[in-house]
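Coordinates from input-v3.cif are shown below (mmCIF, C-alpha atoms and all ligand atoms).
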data_model
loop_
_atom_site.label_atom_id
_atom_site.label_comp_id
_atom_site.auth_asym_id
_atom_site.auth_seq_id
_atom_site.Cartn_x
_atom_site.Cartn_y
_atom_site.Cartn_z
CA MET Y 294 0.00 0.00 0.00
CA SER Y 295 1.11 3.63 -0.40
CA GLY Y 296 3.59 5.06 2.08
CA ASP Y 297 1.25 7.64 3.62
CA GLU Y 298 -0.81 6.68 6.64
CA ARG Y 299 -4.24 7.16 5.16
CA VAL Y 300 -5.55 3.87 3.76
CA VAL Y 301 -8.60 3.89 1.51
CA ILE Y 302 -10.17 0.68 0.25
CA ALA Y 303 -12.84 1.15 -2.41
CA ILE Y 304 -15.52 -1.51 -2.80
CA ASP Y 305 -17.92 -1.37 -5.73
CA GLY Y 306 -20.31 -3.83 -7.27
CA PRO Y 307 -23.99 -4.55 -7.84
CA ALA Y 308 -26.70 -4.84 -5.15
CA GLY Y 309 -26.67 -7.97 -3.00
CA ALA Y 310 -23.19 -9.17 -4.00
CA GLY Y 311 -22.05 -9.15 -0.36
CA LYS Y 312 -20.24 -5.79 -0.45
CA SER Y 313 -21.54 -4.58 2.92
CA THR Y 314 -20.82 -7.77 4.83
CA VAL Y 315 -17.38 -8.08 3.28
CA GLY Y 316 -16.67 -4.35 3.72
CA ARG Y 317 -17.62 -4.38 7.41
CA ALA Y 318 -15.55 -7.50 8.10
CA LEU Y 319 -12.57 -6.03 6.25
CA ALA Y 320 -12.82 -2.72 8.13
CA ARG Y 321 -12.92 -4.60 11.44
CA ARG Y 322 -9.88 -6.69 10.58
CA LEU Y 323 -7.91 -3.65 9.42
CA ASP Y 324 -9.20 -1.38 12.22
CA LEU Y 325 -10.55 1.13 9.72
CA GLY Y 326 -13.85 3.02 9.59
CA TYR Y 327 -16.53 1.78 7.22
CA LEU Y 328 -18.76 3.96 5.04
CA ASP Y 329 -21.82 2.58 3.26
CA THR Y 330 -22.48 5.21 0.57
CA GLY Y 331 -25.64 3.40 -0.58
CA ALA Y 332 -27.08 4.32 2.84
CA MET Y 333 -26.41 7.97 1.97
CA TYR Y 334 -28.35 7.71 -1.32
CA ARG Y 335 -31.08 5.93 0.59
CA GLY Y 336 -31.03 8.69 3.23
CA MET Y 337 -31.49 11.33 0.51
CA THR Y 338 -34.41 9.32 -0.85
CA PHE Y 339 -35.96 9.10 2.62
CA ALA Y 340 -35.61 12.90 2.91
CA ALA Y 341 -37.31 13.41 -0.47
CA LEU Y 342 -40.22 11.15 0.45
CA ARG Y 343 -40.60 12.84 3.82
CA ARG Y 344 -40.53 16.32 2.32
CA GLY Y 345 -42.96 15.41 -0.44
CA VAL Y 346 -40.32 16.05 -3.12
CA VAL Y 347 -41.05 14.01 -6.26
CA GLU Y 348 -38.01 11.75 -6.87
CA GLY Y 349 -38.17 12.25 -10.64
CA ASP Y 350 -38.27 16.08 -10.45
CA LEU Y 351 -34.62 16.88 -11.20
CA ASP Y 352 -34.75 20.53 -10.13
CA GLU Y 353 -36.72 19.98 -6.96
CA VAL Y 354 -34.41 17.16 -5.86
CA ALA Y 355 -31.33 19.23 -6.77
CA ALA Y 356 -32.61 22.13 -4.68
CA MET Y 357 -33.25 19.85 -1.71
CA ALA Y 358 -29.96 17.88 -1.69
CA PRO Y 359 -27.53 20.39 -0.10
CA ALA Y 360 -30.00 21.14 2.69
CA VAL Y 361 -30.46 17.55 3.88
CA ASP Y 362 -28.77 16.83 7.20
CA LEU Y 363 -27.40 13.30 6.84
CA ALA Y 364 -25.29 11.29 9.31
CA VAL Y 365 -24.11 7.74 8.56
CA GLU Y 366 -22.14 6.41 11.53
CA ASP Y 367 -21.76 2.98 13.13
CA GLY Y 368 -24.64 1.43 11.26
CA THR Y 369 -27.08 4.21 12.15
CA VAL Y 370 -28.49 6.59 9.55
CA THR Y 371 -29.97 9.87 10.75
CA VAL Y 372 -31.80 12.12 8.30
CA ASP Y 373 -32.79 15.63 9.37
CA GLY Y 374 -32.53 14.50 12.98
CA VAL Y 375 -34.76 11.42 12.48
CA ASP Y 376 -33.42 7.86 12.88
CA ALA Y 377 -33.99 6.39 9.41
CA THR Y 378 -31.90 3.22 9.85
CA SER Y 379 -34.82 0.82 9.27
CA ALA Y 380 -36.90 2.99 6.94
CA ILE Y 381 -34.12 3.33 4.37
CA ARG Y 382 -34.21 -0.46 3.84
CA GLY Y 383 -37.99 -0.47 3.28
CA ARG Y 384 -39.79 -0.96 0.00
CA GLU Y 385 -40.70 2.71 -0.53
CA VAL Y 386 -37.10 3.94 -0.35
CA THR Y 387 -35.75 0.91 -2.27
CA GLU Y 388 -38.14 1.59 -5.16
CA ALA Y 389 -37.29 5.30 -5.41
CA VAL Y 390 -33.55 5.29 -4.70
CA SER Y 391 -32.27 4.61 -8.24
CA GLN Y 392 -33.90 7.82 -9.48
CA ILE Y 393 -32.47 9.89 -6.66
CA ALA Y 394 -29.03 8.33 -7.25
CA ALA Y 395 -29.24 9.25 -10.95
CA ASN Y 396 -29.59 12.96 -10.09
CA PRO Y 397 -26.22 14.67 -10.76
CA ALA Y 398 -26.77 17.32 -8.08
CA VAL Y 399 -27.37 14.62 -5.47
CA ARG Y 400 -24.20 12.84 -6.59
CA ARG Y 401 -22.14 16.03 -6.35
CA VAL Y 402 -23.34 16.71 -2.81
CA LEU Y 403 -22.82 13.12 -1.62
CA VAL Y 404 -19.41 12.64 -3.27
CA ASP Y 405 -18.18 15.76 -1.43
CA ARG Y 406 -19.56 14.42 1.85
CA GLN Y 407 -17.96 11.00 1.24
CA ARG Y 408 -14.55 12.62 0.72
CA ASP Y 409 -15.07 14.70 3.88
CA TRP Y 410 -15.96 11.57 5.83
CA VAL Y 411 -12.72 9.85 4.78
CA GLU Y 412 -10.74 12.99 5.59
CA ARG Y 413 -12.27 13.15 9.08
CA HIS Y 414 -11.73 9.41 9.72
CA GLY Y 415 -8.20 9.31 8.32
CA GLY Y 416 -9.10 6.72 5.66
CA GLY Y 417 -11.56 3.85 5.61
CA VAL Y 418 -13.31 1.12 3.72
CA VAL Y 419 -15.81 2.84 1.43
CA GLU Y 420 -18.52 0.90 -0.34
CA GLY Y 421 -20.78 1.90 -3.23
CA ARG Y 422 -21.00 1.91 -7.01
CA ASP Y 423 -18.57 4.64 -8.12
CA ILE Y 424 -16.00 4.66 -5.32
CA GLY Y 425 -13.00 3.35 -7.28
CA THR Y 426 -14.02 5.10 -10.50
CA VAL Y 427 -15.10 8.56 -9.28
CA VAL Y 428 -14.91 9.19 -5.54
CA PHE Y 429 -11.45 7.74 -4.74
CA PRO Y 430 -9.66 7.02 -8.04
CA ASP Y 431 -6.40 6.86 -6.03
CA ALA Y 432 -7.66 4.29 -3.49
CA ASP Y 433 -4.99 1.90 -2.18
CA LEU Y 434 -7.07 -1.11 -3.16
CA LYS Y 435 -10.10 -1.24 -5.45
CA LEU Y 436 -12.39 -4.23 -5.27
CA TYR Y 437 -15.32 -5.00 -7.55
CA ILE Y 438 -17.44 -7.54 -5.71
CA THR Y 439 -20.04 -9.41 -7.69
CA ALA Y 440 -22.12 -12.62 -7.73
CA SER Y 441 -24.75 -14.14 -10.00
CA PRO Y 442 -28.22 -12.45 -9.85
CA ARG Y 443 -29.76 -15.68 -8.53
CA VAL Y 444 -27.27 -15.99 -5.67
CA ARG Y 445 -27.72 -12.30 -4.84
CA ALA Y 446 -31.51 -12.76 -4.79
CA GLU Y 447 -31.22 -15.83 -2.54
CA ARG Y 448 -29.07 -13.89 -0.05
CA ARG Y 449 -31.54 -10.98 0.02
CA VAL Y 450 -34.49 -13.34 0.60
CA ARG Y 451 -32.65 -15.07 3.44
CA GLU Y 452 -32.12 -11.65 5.07
CA LEU Y 453 -35.36 -9.87 4.31
CA GLY Y 454 -37.81 -12.55 3.08
CA GLY Y 455 -39.73 -12.42 -0.19
CA ASP Y 456 -39.88 -14.45 -3.35
CA VAL Y 457 -36.57 -15.39 -5.01
CA VAL Y 458 -37.85 -15.02 -8.57
CA GLU Y 459 -39.38 -11.60 -7.85
CA VAL Y 460 -36.30 -10.38 -5.98
CA GLU Y 461 -34.06 -11.63 -8.78
CA ALA Y 462 -36.14 -9.72 -11.34
CA SER Y 463 -35.94 -6.54 -9.26
CA ILE Y 464 -32.16 -6.96 -8.84
CA ILE Y 465 -31.70 -7.32 -12.60
CA LYS Y 466 -33.85 -4.23 -13.17
CA ARG Y 467 -31.94 -2.16 -10.60
CA ASP Y 468 -28.59 -3.27 -12.09
CA ARG Y 469 -29.79 -2.09 -15.48
CA VAL Y 470 -30.79 1.35 -14.15
CA ASP Y 471 -27.57 1.73 -12.13
CA SER Y 472 -25.34 0.61 -15.04
CA SER Y 473 -26.99 2.66 -17.77
CA ARG Y 474 -27.45 6.03 -16.05
CA THR Y 475 -25.56 8.98 -17.56
CA HIS Y 476 -23.82 10.12 -14.38
CA SER Y 477 -21.33 7.74 -12.73
CA PRO Y 478 -22.85 4.46 -13.94
CA LEU Y 479 -21.94 1.28 -12.08
CA SER Y 480 -18.81 -0.10 -13.72
CA GLU Y 481 -15.53 -1.56 -12.55
CA ALA Y 482 -12.40 0.60 -12.49
CA ASP Y 483 -9.68 -0.61 -14.87
CA ASP Y 484 -7.43 -1.32 -11.91
CA ALA Y 485 -10.09 -2.99 -9.74
CA VAL Y 486 -9.72 -6.57 -8.58
CA VAL Y 487 -12.89 -8.47 -9.46
CA VAL Y 488 -14.08 -10.84 -6.72
CA ASP Y 489 -16.96 -13.15 -7.65
CA THR Y 490 -18.50 -14.32 -4.38
CA THR Y 491 -20.83 -16.92 -5.97
CA GLY Y 492 -20.27 -20.11 -3.97
CA MET Y 493 -17.93 -18.44 -1.45
CA SER Y 494 -18.55 -17.78 2.24
CA ILE Y 495 -17.94 -14.29 3.66
CA ASP Y 496 -14.91 -15.56 5.59
CA GLU Y 497 -13.44 -17.05 2.43
CA VAL Y 498 -13.95 -13.76 0.59
CA VAL Y 499 -12.38 -11.70 3.38
CA ASP Y 500 -9.41 -14.09 3.67
CA HIS Y 501 -8.94 -13.92 -0.10
CA ILE Y 502 -8.93 -10.09 0.00
CA MET Y 503 -6.60 -9.95 3.01
CA GLU Y 504 -4.07 -11.91 0.95
CA MET Y 505 -4.07 -9.09 -1.61
CA LEU Y 506 -2.94 -6.53 0.96
CA PRO Y 507 0.77 -6.04 1.25
O1 LIG E 1 -26.04 -0.40 -2.05
P1 LIG E 1 -27.50 0.00 -1.95
O2 LIG E 1 -28.45 -0.99 -2.56
O3 LIG E 1 -27.91 0.37 -0.58
O4 LIG E 1 -27.59 1.33 -2.85
C1 LIG E 1 -28.79 2.04 -2.97
C2 LIG E 1 -28.86 2.75 -4.32
O5 LIG E 1 -27.90 3.79 -4.39
C3 LIG E 1 -28.64 1.87 -5.54
O6 LIG E 1 -29.67 2.17 -6.49
C4 LIG E 1 -27.32 2.29 -6.09
C5 LIG E 1 -27.13 3.68 -5.57
N1 LIG E 1 -25.74 4.00 -5.24
C6 LIG E 1 -25.03 4.77 -6.12
O7 LIG E 1 -25.57 5.16 -7.16
N2 LIG E 1 -23.76 5.13 -5.84
C7 LIG E 1 -23.17 4.71 -4.72
N3 LIG E 1 -21.91 5.08 -4.46
C8 LIG E 1 -23.88 3.89 -3.80
C9 LIG E 1 -25.16 3.54 -4.11
#
Could you quickly redo this structure as structure tokens?
Ligand code: DC
Amino acid sequence: MSGDERVVIAIDGPAGAGKSTVGRALARRLDLGYLDTGAMYRGMTFAALRRGVVEGDLDEVAAMAPAVDLAVEDGTVTVDGVDATSAIRGREVTEAVSQIAANPAVRRVLVDRQRDWVERHGGGVVEGRDIGTVVFPDADLKLYITASPRVRAERRVRELGGDVVEVEASIIKRDRVDSSRTHSPLSEADDAVVVDTTGMSIDEVVDHIMEMLP
């Protein structure tokens, strides 16, 4: 890793590939902070729903974004002073979040806040969709964690319940929206290490990644 003290590990990849579990475990093992940037986009979406801002109204959402008070710390997400930790995982937010995340003004605001967070924490494991490509192109290690849509759907259903076929269809749809948007689409950085977690346990994945660290 680079000679300076600040270590940044970027984790990108599609929904349900195991990024969060792997990212948290990696941060624990390396004694680094962990930032789930998806929770920030979800927090913005929660704020829009709460304020009655239509998620597809580009200008209205852009006007709202800088004013939203968002804190993502230790697994708790607070939006405008309200604990939104559970609500941001609910169906309403999950259905609207892709549109909020496609808004360039929202991305500008959140990318700045993500860089601030890393500055304040002296590095960290940062997870999202554009971390290695846009937010931290100079990260010490870039991982692109993926798995087959069926495996990702099965993991989601085990965690949250639901029907595998339906969840798989919604995962494929969300991938398509996230990968085809104009601003910062989901894609792997040229220098990212691709880790396919299909058929691997979390421990196996984390051990495999730890071996990549100098
Ligand atoms: O990882 P997640 O499912 O909680 O992410 C929620 C949404 O936010 C998803 O539609 C992708 C988007 N997102 C993004 O566009 N950029 C990021 N850095 C993180 C998440």
Protein and nucleic residues near ligand LIG 1 (chain E), 9 Å, all atoms listed in the file, as number ranges by chain:
Y: 305-309, 312-313, 329-335, 381-382, 386-395, 400, 403-404, 419-424, 428, 467-468, 470-471, 476-479
Go ahead and save the picked residues with C-alpha atoms, as a CSV table (one decimal), in the frame of the given file.
chain,number,residue,atom,x,y,z
Y,305,ASP,CA,-17.9,-1.4,-5.7
Y,306,GLY,CA,-20.3,-3.8,-7.3
Y,307,PRO,CA,-24.0,-4.6,-7.8
Y,308,ALA,CA,-26.7,-4.8,-5.2
Y,309,GLY,CA,-26.7,-8.0,-3.0
Y,312,LYS,CA,-20.2,-5.8,-0.4
Y,313,SER,CA,-21.5,-4.6,2.9
Y,329,ASP,CA,-21.8,2.6,3.3
Y,330,THR,CA,-22.5,5.2,0.6
Y,331,GLY,CA,-25.6,3.4,-0.6
Y,332,ALA,CA,-27.1,4.3,2.8
Y,333,MET,CA,-26.4,8.0,2.0
Y,334,TYR,CA,-28.4,7.7,-1.3
Y,335,ARG,CA,-31.1,5.9,0.6
Y,381,ILE,CA,-34.1,3.3,4.4
Y,382,ARG,CA,-34.2,-0.5,3.8
Y,386,VAL,CA,-37.1,3.9,-0.4
Y,387,THR,CA,-35.8,0.9,-2.3
Y,388,GLU,CA,-38.1,1.6,-5.2
Y,389,ALA,CA,-37.3,5.3,-5.4
Y,390,VAL,CA,-33.6,5.3,-4.7
Y,391,SER,CA,-32.3,4.6,-8.2
Y,392,GLN,CA,-33.9,7.8,-9.5
Y,393,ILE,CA,-32.5,9.9,-6.7
Y,394,ALA,CA,-29.0,8.3,-7.2
Y,395,ALA,CA,-29.2,9.2,-11.0
Y,400,ARG,CA,-24.2,12.8,-6.6
Y,403,LEU,CA,-22.8,13.1,-1.6
Y,404,VAL,CA,-19.4,12.6,-3.3
Y,419,VAL,CA,-15.8,2.8,1.4
Y,420,GLU,CA,-18.5,0.9,-0.3
Y,421,GLY,CA,-20.8,1.9,-3.2
Y,422,ARG,CA,-21.0,1.9,-7.0
Y,423,ASP,CA,-18.6,4.6,-8.1
Y,424,ILE,CA,-16.0,4.7,-5.3
Y,428,VAL,CA,-14.9,9.2,-5.5
Y,467,ARG,CA,-31.9,-2.2,-10.6
Y,468,ASP,CA,-28.6,-3.3,-12.1
Y,470,VAL,CA,-30.8,1.4,-14.2
Y,471,ASP,CA,-27.6,1.7,-12.1
Y,476,HIS,CA,-23.8,10.1,-14.4
Y,477,SER,CA,-21.3,7.7,-12.7
Y,478,PRO,CA,-22.8,4.5,-13.9
Y,479,LEU,CA,-21.9,1.3,-12.1
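Taking atom CA of Y:Ala485 and atom CA of Y:Leu436 as the two end points, the separation is 5.2 Å.
Take atom CA of Y:Leu323 and atom CA of Y:Asp405: the distance between them is 24.5 Å.
For the pair atom CA of Y:Gly416 and atom CA of Y:Asp433, the separation is 10.1 Å.
Nearest residue to Y:His414, choosing from Y:Asp483, Y:Asp489, Y:Glu452, Y:Glu298 and counting only C-alpha atoms: Y:Glu298.
Of the listed residues (Y:Gly455, Y:Gly336, Y:Gly349, Y:Gly326), Y:Gly326 comes nearest to Y:Glu366; the distances count all atoms listed in the file.
Nearest residue to Y:Thr369, choosing from Y:Val418, Y:Leu351, Y:Leu328, Y:Val411 and counting only C-alpha atoms: Y:Leu328.
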Pick from Y:Gly454, Y:Pro359, Y:Gly492, Y:Pro442, whichever lies nearest to Y:Val399 using only C-alpha atoms
Y:Pro359
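For the set Y:Glu481, Y:Asp500, Y:Asp373, Y:Asp350, the residue with the smallest atom-to-atom gap to Y:Val315 is Y:Asp500, counting all atoms listed in the file.
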